[in-house]
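Note: the block below is protein13.txt and it holds compact mmCIF, C-alpha atoms and all ligand atoms.
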```
# COMPACT_ATOMS: atom_id res chain seq x y z
CA MET N 20 5.70 4.56 -16.46
CA LYS N 21 7.66 1.35 -16.06
CA LYS N 22 8.21 -0.15 -12.66
CA GLU N 23 11.99 0.37 -12.76
CA SER N 24 11.68 4.07 -13.41
CA PHE N 25 9.54 4.51 -10.31
CA LEU N 26 12.59 3.59 -8.27
CA ASP N 27 14.33 6.76 -9.49
CA ILE N 28 11.69 8.92 -7.83
CA LYS N 29 13.26 10.56 -4.80
CA ASN N 30 10.72 12.91 -3.26
CA ILE N 31 7.00 13.46 -2.78
CA GLY N 32 6.74 16.10 -5.50
CA GLU N 33 8.18 13.74 -8.12
CA LEU N 34 5.92 10.94 -6.89
CA LYS N 35 2.83 13.12 -7.30
CA LYS N 36 3.95 14.09 -10.78
CA SER N 37 4.37 10.44 -11.76
CA LYS N 38 0.73 9.83 -10.79
CA TYR N 39 1.84 6.82 -8.73
CA LYS N 40 -1.12 5.47 -6.75
CA VAL N 41 -0.57 4.18 -3.23
CA LEU N 42 -2.88 1.28 -2.39
CA SER N 43 -3.79 -0.05 1.03
CA VAL N 44 -2.02 -3.30 1.84
CA ARG N 45 -5.26 -5.27 1.42
CA ASP N 46 -5.98 -3.73 -1.99
CA GLU N 47 -2.42 -4.34 -3.07
CA ILE N 48 -2.60 -8.03 -2.08
CA ARG N 49 -5.99 -8.44 -3.74
CA LYS N 50 -4.73 -6.85 -6.95
CA ASN N 51 -1.59 -9.02 -7.10
CA LEU N 52 -3.45 -12.19 -6.14
CA LEU N 53 -6.10 -11.73 -8.83
CA ASP N 54 -3.36 -10.95 -11.30
CA LYS N 55 -1.53 -14.20 -10.45
CA LEU N 56 -4.73 -16.23 -10.66
CA GLU N 57 -5.53 -14.66 -13.98
CA LYS N 58 -2.09 -15.55 -15.33
CA ARG N 59 -2.32 -18.98 -13.71
CA GLU N 60 0.87 -18.43 -11.77
CA PHE N 61 1.71 -20.34 -8.62
CA VAL N 62 0.42 -18.65 -5.52
CA PHE N 63 1.20 -21.04 -2.68
CA GLU N 64 3.65 -23.56 -3.92
CA GLY N 65 4.88 -26.65 -2.15
CA LEU N 66 2.20 -27.14 0.50
CA TRP N 67 1.04 -30.52 -0.66
CA GLY N 68 -2.45 -31.50 0.30
CA TYR N 69 -3.70 -27.95 0.88
CA GLU N 70 -4.94 -27.44 -2.67
CA GLU N 71 -8.55 -28.30 -1.95
CA THR N 72 -8.75 -27.21 1.65
CA VAL N 73 -6.61 -24.43 3.02
CA ILE N 74 -5.53 -22.60 -0.13
CA PRO N 75 -9.00 -21.86 -1.61
CA GLN N 76 -10.14 -20.53 1.77
CA LEU N 77 -7.03 -18.44 2.12
CA ILE N 78 -7.47 -17.00 -1.36
CA ASN N 79 -11.08 -16.08 -0.59
CA ALA N 80 -10.09 -14.46 2.70
CA LEU N 81 -7.37 -12.38 1.05
CA ILE N 82 -9.65 -11.26 -1.75
CA ALA N 83 -12.24 -10.26 0.81
CA GLY N 84 -9.56 -8.30 2.70
CA HIS N 85 -10.04 -10.17 5.96
CA ASP N 86 -7.71 -10.51 8.90
CA ILE N 87 -7.08 -14.22 9.23
CA ILE N 88 -6.54 -16.80 11.92
CA LEU N 89 -5.06 -20.17 11.03
CA LEU N 90 -6.04 -22.91 13.46
CA GLY N 91 -3.91 -26.00 13.55
CA GLU N 92 -1.35 -28.10 15.36
CA ARG N 93 2.36 -27.51 15.23
CA GLY N 94 4.11 -28.71 12.10
CA GLN N 95 1.25 -28.02 9.71
CA GLY N 96 3.12 -25.40 7.73
CA LYS N 97 1.21 -22.40 9.11
CA SER N 98 4.22 -20.13 9.46
CA ARG N 99 5.44 -21.10 6.05
CA LEU N 100 2.06 -20.34 4.55
CA ILE N 101 2.05 -16.90 6.17
CA ARG N 102 5.54 -16.05 4.91
CA MET N 103 4.39 -16.89 1.39
CA LEU N 104 1.94 -13.98 1.61
CA VAL N 105 4.90 -11.62 1.25
CA SER N 106 5.13 -12.65 -2.41
CA LEU N 107 1.71 -11.06 -2.92
CA LEU N 108 3.01 -7.60 -2.04
CA ASP N 109 4.38 -5.24 -4.68
CA GLU N 110 8.13 -5.64 -4.97
CA TYR N 111 8.67 -2.02 -3.90
CA VAL N 112 6.40 0.66 -2.50
CA PRO N 113 7.28 4.25 -1.63
CA ALA N 114 7.43 5.44 1.98
CA ILE N 115 8.61 8.62 3.63
CA ASP N 116 12.36 8.31 4.12
CA GLY N 117 13.44 7.77 7.72
CA CYS N 118 9.94 7.00 8.96
CA GLU N 119 9.81 4.25 11.59
CA ILE N 120 6.41 3.09 10.38
CA ASN N 121 6.78 3.27 6.58
CA ASP N 122 4.41 6.19 6.21
CA ASN N 123 2.48 6.58 2.98
CA PRO N 124 4.04 9.65 1.31
CA TYR N 125 0.59 11.02 0.46
CA SER N 126 -0.96 10.63 3.90
CA PRO N 127 1.50 10.16 6.76
CA ILE N 128 0.12 9.23 10.16
CA CYS N 129 3.14 9.68 12.45
CA ALA N 130 3.86 12.99 14.13
CA ARG N 131 7.39 13.20 12.73
CA CYS N 132 6.29 12.89 9.09
CA LYS N 133 3.34 15.22 9.49
CA ARG N 134 5.79 17.79 10.86
CA LEU N 135 8.24 17.16 7.99
CA ILE N 136 5.57 17.69 5.37
CA HIS N 137 4.44 20.84 7.10
CA GLU N 138 8.04 22.11 6.96
CA LYS N 139 9.23 20.89 3.56
CA GLY N 140 6.13 19.96 1.55
CA ASP N 141 6.86 18.17 -1.70
CA ASP N 142 10.62 18.18 -1.05
CA VAL N 143 10.28 15.48 1.61
CA LYS N 144 12.37 12.51 0.55
CA ILE N 145 10.92 9.09 -0.08
CA ARG N 146 12.48 5.67 -0.03
CA TRP N 147 11.43 2.50 -1.88
CA VAL N 148 10.70 -0.26 0.59
CA HIS N 149 11.20 -3.84 -0.54
CA ARG N 150 8.42 -6.33 0.24
CA GLU N 151 10.71 -8.42 2.45
CA GLU N 152 10.86 -5.44 4.81
CA ARG N 153 7.09 -5.32 5.07
CA PHE N 154 6.63 -8.43 7.14
CA GLY N 155 6.69 -8.58 10.94
CA GLU N 156 6.39 -11.73 12.98
CA LYS N 157 6.06 -12.35 16.69
CA LEU N 158 5.70 -15.51 18.72
CA ALA N 159 3.22 -14.71 21.48
CA THR N 160 4.35 -15.76 24.93
CA PRO N 161 2.90 -15.02 28.37
CA ASP N 162 5.62 -12.39 28.91
CA THR N 163 4.96 -10.49 25.66
CA THR N 164 4.29 -6.87 26.60
CA VAL N 165 2.37 -3.96 25.13
CA ALA N 166 5.76 -2.28 24.68
CA ASP N 167 6.94 -5.17 22.45
CA LEU N 168 3.90 -5.09 20.22
CA ILE N 169 2.69 -1.52 20.30
CA GLY N 170 5.42 0.68 21.70
CA ASP N 171 6.78 2.54 24.67
CA ILE N 172 7.97 5.97 25.72
CA ASP N 173 11.56 6.36 24.50
CA PRO N 174 13.64 7.26 27.59
CA ILE N 175 16.40 8.81 25.46
CA LYS N 176 14.04 11.29 23.85
CA VAL N 177 12.58 12.12 27.26
CA ALA N 178 16.10 12.62 28.62
CA GLN N 179 16.78 15.00 25.74
CA GLY N 180 14.08 17.18 27.21
CA ARG N 181 11.05 16.34 25.10
CA PRO N 182 7.82 16.39 27.11
CA LEU N 183 5.81 13.17 27.52
CA SER N 184 2.92 14.84 25.72
CA ASP N 185 5.05 15.03 22.56
CA PRO N 186 3.94 12.20 20.25
CA GLU N 187 7.49 11.96 18.92
CA VAL N 188 8.76 10.51 22.22
CA ILE N 189 7.15 7.19 21.37
CA HIS N 190 9.30 4.26 20.39
CA PHE N 191 7.12 2.10 18.16
CA GLY N 192 6.77 -1.65 18.69
CA ILE N 193 6.62 -4.32 16.01
CA VAL N 194 2.97 -3.77 15.01
CA PRO N 195 3.29 -0.09 14.02
CA ARG N 196 6.67 -0.88 12.46
CA THR N 197 4.88 -3.31 10.17
CA ASN N 198 2.55 -0.54 9.00
CA ARG N 199 1.61 -1.08 5.33
CA GLY N 200 2.61 -4.71 5.57
CA ILE N 201 1.71 -8.09 7.00
CA PHE N 202 1.94 -8.77 10.71
CA ALA N 203 1.93 -12.39 11.89
CA ILE N 204 1.30 -13.28 15.50
CA ASN N 205 1.97 -16.91 16.30
CA GLU N 206 0.17 -18.77 19.12
CA LEU N 207 -2.23 -15.89 19.75
CA PRO N 208 -3.90 -17.45 22.84
CA ASP N 209 -0.59 -17.19 24.71
CA LEU N 210 -0.79 -13.42 24.58
CA PRO N 211 -1.74 -11.87 27.96
CA GLU N 212 -5.24 -10.42 28.00
CA ARG N 213 -4.00 -6.87 28.47
CA VAL N 214 -1.84 -7.19 25.35
CA GLN N 215 -4.72 -8.72 23.39
CA VAL N 216 -6.81 -5.67 24.24
CA ALA N 217 -4.02 -3.40 23.00
CA LEU N 218 -3.78 -5.40 19.79
CA PHE N 219 -7.54 -5.18 19.33
CA ASN N 220 -7.42 -1.40 19.81
CA VAL N 221 -4.81 -1.10 17.09
CA MET N 222 -6.77 -3.33 14.70
CA GLU N 223 -10.23 -1.99 15.35
CA GLU N 224 -10.19 1.39 17.02
CA ARG N 225 -7.02 2.39 15.23
CA ASP N 226 -5.53 4.08 18.21
CA ILE N 227 -2.79 3.13 20.57
CA GLN N 228 -2.41 3.80 24.26
CA ILE N 229 1.02 3.92 25.75
CA LYS N 230 1.34 4.58 29.48
CA GLY N 231 -1.94 6.44 29.54
CA TYR N 232 -1.04 8.49 26.51
CA LYS N 233 -3.53 7.98 23.72
CA LEU N 234 -2.46 8.41 20.14
CA ARG N 235 -4.55 8.07 17.01
CA LEU N 236 -2.70 5.86 14.56
CA PRO N 237 -4.77 4.45 11.70
CA LEU N 238 -2.34 1.71 10.72
CA ASP N 239 -2.67 -0.12 7.45
CA ILE N 240 -1.90 -3.73 8.33
CA LEU N 241 -3.03 -7.20 7.43
CA VAL N 242 -2.96 -9.33 10.57
CA VAL N 243 -2.58 -13.08 10.34
CA ALA N 244 -2.61 -15.07 13.58
CA THR N 245 -2.04 -18.72 14.33
CA ALA N 246 -3.36 -20.78 17.20
CA ASN N 247 -3.74 -24.31 18.38
CA PRO N 248 -7.47 -25.14 18.05
CA GLU N 249 -7.75 -26.30 21.66
CA ASP N 250 -6.20 -23.13 23.04
CA TYR N 251 -8.33 -21.05 20.76
CA THR N 252 -11.64 -22.52 21.79
CA ALA N 253 -10.74 -22.66 25.48
CA ARG N 254 -12.77 -20.19 27.51
CA GLY N 255 -11.00 -16.99 28.26
CA ARG N 256 -7.92 -17.64 26.19
CA ILE N 257 -8.85 -14.97 23.66
CA VAL N 258 -10.83 -11.86 24.48
CA THR N 259 -14.09 -11.88 22.53
CA PRO N 260 -13.67 -8.61 20.62
CA LEU N 261 -10.30 -9.73 19.32
CA LYS N 262 -11.71 -13.11 18.32
CA ASP N 263 -14.48 -11.38 16.39
CA ARG N 264 -11.96 -9.22 14.60
CA PHE N 265 -10.63 -12.18 12.62
CA ASN N 266 -13.19 -12.51 9.85
CA SER N 267 -11.67 -15.63 8.38
CA MET N 268 -10.85 -18.70 10.42
CA ILE N 269 -9.07 -21.41 8.50
CA ARG N 270 -8.37 -24.89 9.85
CA THR N 271 -5.09 -26.39 8.74
CA HIS N 272 -4.17 -30.08 8.80
CA TYR N 273 -1.05 -32.13 8.27
CA PRO N 274 0.14 -31.59 4.72
CA GLN N 275 0.40 -34.73 2.61
CA LYS N 276 3.72 -36.13 1.52
CA LYS N 277 4.82 -34.95 -1.89
CA GLY N 278 4.30 -38.38 -3.47
CA ASN N 279 0.68 -38.49 -2.38
CA ARG N 280 -0.49 -35.50 -4.27
CA ILE N 281 -3.05 -36.33 -6.88
CA GLU N 282 -3.22 -33.20 -8.93
CA ASN N 283 -0.91 -30.73 -10.51
CA SER N 284 -0.67 -27.08 -9.75
CA ARG N 285 -2.86 -26.07 -12.65
CA THR N 286 -5.87 -27.88 -11.26
CA ARG N 287 -5.01 -26.35 -7.92
CA ILE N 288 -5.55 -22.89 -9.28
CA LEU N 289 -8.66 -23.91 -11.19
CA SER N 290 -10.11 -25.37 -8.05
CA ALA N 291 -9.47 -22.11 -6.22
CA LYS N 292 -11.24 -20.40 -9.05
CA SER N 293 -14.26 -22.67 -8.95
CA LYS N 294 -14.50 -22.15 -5.21
CA GLY N 295 -15.65 -18.64 -5.75
CA TRP N 296 -12.89 -16.07 -6.08
CA ASN N 297 -14.53 -15.24 -9.37
CA LYS N 298 -17.41 -13.49 -7.71
CA TYR N 299 -15.05 -10.80 -6.44
CA ARG N 300 -13.91 -9.88 -9.91
CA GLY N 301 -15.16 -7.05 -12.00
CA SER N 302 -14.61 -4.29 -9.46
ZN ZN P 1 6.20 8.73 9.65
```
Can I see the file as structure tokens?
Ligand SMILES: [Zn+2]
Amino acid sequence: MKKESFLDIKNIGELKKSKYKVLSVRDEIRKNLLDKLEKREFVFEGLWGYEETVIPQLINALIAGHDIILLGERGQGKSRLIRMLVSLLDEYVPAIDGCEINDNPYSPICARCKRLIHEKGDDVKIRWVHREERFGEKLATPDTTVADLIGDIDPIKVAQGRPLSDPEVIHFGIVPRTNRGIFAINELPDLPERVQVALFNVMEERDIQIKGYKLRLPLDILVVATANPEDYTARGRIVTPLKDRFNSMIRTHYPQKKGNRIENSRTRILSAKSKGWNKYRGS
């Protein structure tokens, strides 16, 4: 079935019939990245001077499905690099319509969608989410809270008489809202320790705790963080388990001026290839 005709699919039953496969965000990125490399298309365009350093490492990290931390000073194009990752997502993916966390139509994780499927089965409506909607970004500051990142109890729902034990009273923060997408956290060491622990729990333990209420939420997210190298290596700025969770650490540097570049984009891709992405092929 052609890509365009997928967009006409309106509910879970039709999606099942179409045999559409939902991939995890990491598998989706890996698939699209390998496809671009194969076709020798541009992957990260316009970051002069990164061809031999940052980009091959980034490609390897993405193929390996790692969460990534970019270490570098301000002005080294880190945020720009992260935003370019959005182009590696499928243009549209299906999600359960009205879901705050873009639930996978085949295996929803939020209480609301599980209830919907229980009630309506294959008639549950889906919506096609554009890749631009699947990116969340937060600048970490010392006053960033667990509520900002993870979520909070929604006072309106409580006022409507729902009990606190009802998982549907939760108002999700930016991390769950980026479910099935890419979440970027800038200046990670500025995040308070308590919030770092909450972030780690989401990434590793796949559960969230809001005001003592524990909820299992196996989110599907690629996390990319940035940090200043000095802050990152300073004792106590990042809690160890969170640090260990980033499997790929990539040092950035000041990009070169456009006129200084010595190679064209084709050699850029070939160099990425020779640096080992090839070994991941054939799966
Ligand atoms: Zn949902």
Requested in this report: Identify, counting all atoms listed in the file, the protein, DNA and RNA residues located within 12 Å of ligand ZN 1 (chain P), and give them as JSON, numbers by chain.
Outcome: {"N": [114, 115, 116, 117, 118, 119, 120, 121, 122, 123, 124, 125, 126, 127, 128, 129, 130, 131, 132, 133, 134, 135, 136, 143, 144, 145, 146, 186, 187, 189, 191, 195, 196, 198, 199, 236, 237, 238]}
Query raised in the report: Quick one: distance from atom CA of Val221 of chain N to atom CA of Ala166 of chain N in Å, one decimal?
Result: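 Straight-line distance from atom CA of Val221 of chain N to atom CA of Ala166 of chain N works out to 13.1 Å.
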Query raised in the report: Please, what distance in Å, to one decimal, runs between atom CA of Ile48 of chain N and atom CA of Leu66 of chain N?
Result: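 Separating atom CA of Ile48 of chain N from atom CA of Leu66 of chain N is a distance of 19.9 Å.
Taking atom CA of Leu234 of chain N and atom CA of Lys176 of chain N as endpoints, the distance between them is 17.2 Å.
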Could I get the residues of segment 109-221 of chain N with an atom no further than 10 Å from an atom of segment 90-102 of chain N, each paired with its nearest atom pair and that distance in Å to one decimal, using only C-alpha atoms, sorted by chain and residue number, as JSON lines?
```
{"residue": "N:Glu151", "atom": "CA", "partner": "N:Arg102", "partner_atom": "CA", "distance": 9.5}
{"residue": "N:Phe154", "atom": "CA", "partner": "N:Arg102", "partner_atom": "CA", "distance": 8.0}
{"residue": "N:Gly155", "atom": "CA", "partner": "N:Arg102", "partner_atom": "CA", "distance": 9.7}
{"residue": "N:Glu156", "atom": "CA", "partner": "N:Arg102", "partner_atom": "CA", "distance": 9.2}
{"residue": "N:Ile201", "atom": "CA", "partner": "N:Ile101", "partner_atom": "CA", "distance": 8.9}
{"residue": "N:Phe202", "atom": "CA", "partner": "N:Ile101", "partner_atom": "CA", "distance": 9.3}
{"residue": "N:Ala203", "atom": "CA", "partner": "N:Ile101", "partner_atom": "CA", "distance": 7.3}
{"residue": "N:Ile204", "atom": "CA", "partner": "N:Ser98", "partner_atom": "CA", "distance": 9.6}
{"residue": "N:Asn205", "atom": "CA", "partner": "N:Ser98", "partner_atom": "CA", "distance": 7.9}
{"residue": "N:Glu206", "atom": "CA", "partner": "N:Leu90", "partner_atom": "CA", "distance": 9.4}
```
Take the residues just selected and output them with C-alpha atoms as a PDB file, keeping the file's coordinate frame.
```pdb
ATOM      1  CA  GLU N 151      10.710  -8.420   2.450  1.00  0.00           C
ATOM      2  CA  PHE N 154       6.630  -8.430   7.140  1.00  0.00           C
ATOM      3  CA  GLY N 155       6.690  -8.580  10.940  1.00  0.00           C
ATOM      4  CA  GLU N 156       6.390 -11.730  12.980  1.00  0.00           C
ATOM      5  CA  ILE N 201       1.710  -8.090   7.000  1.00  0.00           C
ATOM      6  CA  PHE N 202       1.940  -8.770  10.710  1.00  0.00           C
ATOM      7  CA  ALA N 203       1.930 -12.390  11.890  1.00  0.00           C
ATOM      8  CA  ILE N 204       1.300 -13.280  15.500  1.00  0.00           C
ATOM      9  CA  ASN N 205       1.970 -16.910  16.300  1.00  0.00           C
ATOM     10  CA  GLU N 206       0.170 -18.770  19.120  1.00  0.00           C
TER      11      GLU N 206
END
```
For segment 104-203 of chain N against segment 211-216 of chain N, with a cut-off of 10 Å and counting all atoms listed in the file, what is the closest atom pair and its distance in Å to one decimal for every residue that makes the cut, ordered by chain and number, as a Markdown table?
```
| residue | atom | partner | partner_atom | distance |
| --- | --- | --- | --- | --- |
| N:Ala159 | CA | N:Pro211 | CA | 8.6 |
| N:Thr160 | CA | N:Pro211 | CA | 7.8 |
| N:Pro161 | CA | N:Pro211 | CA | 5.6 |
| N:Asp162 | CA | N:Pro211 | CA | 7.4 |
| N:Thr163 | CA | N:Pro211 | CA | 7.2 |
| N:Thr164 | CA | N:Val214 | CA | 6.3 |
| N:Val165 | CA | N:Val214 | CA | 5.3 |
| N:Ala166 | CA | N:Val214 | CA | 9.1 |
| N:Asp167 | CA | N:Val214 | CA | 9.5 |
| N:Leu168 | CA | N:Val214 | CA | 8.0 |
| N:Ile169 | CA | N:Val214 | CA | 8.8 |
```
Query raised in the report: Taking into account all atoms listed in the file, which residue in the set N:Val194, N:Leu104, N:Leu89, N:Leu207 is nearest to Arg150 of chain N?
Result: N:Leu104
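Distances here use only C-alpha atoms; by that measure, the residue among N:Leu183, N:Ile193, N:Leu210, N:Leu26 closest to Arg256 of chain N is N:Leu210.
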Report task. Name the residues in contact with Lys40 of chain N at a cut-off of 10 Å, using all atoms listed in the file, excluding same-chain residues fewer than 6 positions from it; report them as a list in words. Result ->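 Here the qualifying residues turn out to be Leu34, Val112, Pro113 and Tyr125 of chain N.
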Query raised in the report: Taking all atoms listed in the file into account, which of N:Trp67, N:Tyr273, N:Phe25, N:Phe61 comes nearest Ser106 of chain N?
Result: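 The answer is N:Phe61, which sits nearest to Ser106 of chain N.
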Query raised in the report: So, counting all atoms listed in the file, which residue among N:Arg45, N:Arg235, N:Lys157, N:Arg264 is closest to Glu223 of chain N?
Result: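 For Glu223 of chain N, the nearest of the given residues is N:Arg264.
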Report task. Determine the nearest neighbour of Asp109 of chain N from the options N:Ala253, N:Val177, N:Val242, N:Leu52, counting only C-alpha atoms. Result -> N:Leu52
Query raised in the report: Between N:Pro248, N:Gly231, N:Pro182, N:Gly192, which has the minimum distance to Pro208 of chain N (counting all atoms listed in the file)?
Result: N:Pro248
Segment 231-259 of chain N from the block above, N, CA and C atoms, as a compact mmCIF listing (two decimals), in the first residue's frame, please?
```
# COMPACT_ATOMS: atom_id res chain seq x y z
N GLY N 231 3.71 10.49 44.89
CA GLY N 231 3.58 9.22 45.60
C GLY N 231 2.77 8.18 44.85
N TYR N 232 2.17 8.58 43.76
CA TYR N 232 1.38 7.65 42.97
C TYR N 232 2.25 7.07 41.87
N LYS N 233 2.40 5.77 41.86
CA LYS N 233 3.31 5.14 40.91
C LYS N 233 2.53 4.56 39.74
N LEU N 234 3.01 4.86 38.56
CA LEU N 234 2.28 4.44 37.36
C LEU N 234 3.26 3.83 36.38
N ARG N 235 2.94 2.65 35.90
CA ARG N 235 3.82 2.01 34.91
C ARG N 235 3.53 2.63 33.54
N LEU N 236 4.58 3.14 32.92
CA LEU N 236 4.40 3.81 31.63
C LEU N 236 5.61 3.55 30.75
N PRO N 237 5.59 2.43 30.02
CA PRO N 237 6.76 2.10 29.20
C PRO N 237 6.83 2.97 27.93
N LEU N 238 7.34 4.18 28.12
CA LEU N 238 7.40 5.14 27.02
C LEU N 238 8.41 4.70 25.97
N ASP N 239 8.14 5.13 24.77
CA ASP N 239 9.02 4.82 23.64
C ASP N 239 9.62 6.15 23.19
N ILE N 240 10.81 6.46 23.70
CA ILE N 240 11.39 7.79 23.47
C ILE N 240 12.88 7.68 23.21
N LEU N 241 13.36 8.49 22.30
CA LEU N 241 14.81 8.65 22.16
C LEU N 241 15.17 9.94 22.89
N VAL N 242 16.08 9.84 23.86
CA VAL N 242 16.46 11.02 24.62
C VAL N 242 17.83 11.50 24.17
N VAL N 243 17.90 12.79 23.85
CA VAL N 243 19.17 13.40 23.48
C VAL N 243 19.38 14.59 24.41
N ALA N 244 20.48 14.56 25.14
CA ALA N 244 20.77 15.64 26.09
C ALA N 244 21.97 16.43 25.61
N THR N 245 22.07 17.67 26.08
CA THR N 245 23.29 18.43 25.83
C THR N 245 23.83 18.91 27.17
N ALA N 246 25.13 19.12 27.21
CA ALA N 246 25.74 19.65 28.43
C ALA N 246 27.07 20.31 28.08
N ASN N 247 27.43 21.24 28.91
CA ASN N 247 28.76 21.82 28.86
C ASN N 247 29.71 20.81 29.50
N PRO N 248 30.85 20.50 28.84
CA PRO N 248 31.72 19.44 29.37
C PRO N 248 32.15 19.65 30.82
N GLU N 249 32.40 20.90 31.19
CA GLU N 249 32.83 21.15 32.58
C GLU N 249 31.74 20.82 33.57
N ASP N 250 30.52 21.25 33.26
CA ASP N 250 29.39 20.94 34.15
C ASP N 250 29.18 19.44 34.24
N TYR N 251 29.36 18.79 33.10
CA TYR N 251 29.06 17.37 33.04
C TYR N 251 30.02 16.55 33.87
N THR N 252 31.29 16.93 33.83
CA THR N 252 32.27 16.13 34.57
C THR N 252 32.35 16.55 36.04
N ALA N 253 31.78 17.72 36.37
CA ALA N 253 31.85 18.16 37.77
C ALA N 253 31.13 17.16 38.67
N ARG N 254 31.75 16.89 39.80
CA ARG N 254 31.18 15.94 40.75
C ARG N 254 29.79 16.35 41.17
N GLY N 255 28.90 15.40 41.13
CA GLY N 255 27.58 15.65 41.68
C GLY N 255 26.62 16.42 40.78
N ARG N 256 27.10 16.83 39.62
CA ARG N 256 26.16 17.58 38.77
C ARG N 256 25.15 16.66 38.09
N ILE N 257 25.56 15.44 37.85
CA ILE N 257 24.62 14.47 37.24
C ILE N 257 24.63 13.21 38.09
N VAL N 258 23.47 12.72 38.42
CA VAL N 258 23.41 11.50 39.22
C VAL N 258 23.93 10.32 38.37
N THR N 259 24.72 9.47 39.01
CA THR N 259 25.43 8.43 38.26
C THR N 259 24.52 7.55 37.40
```
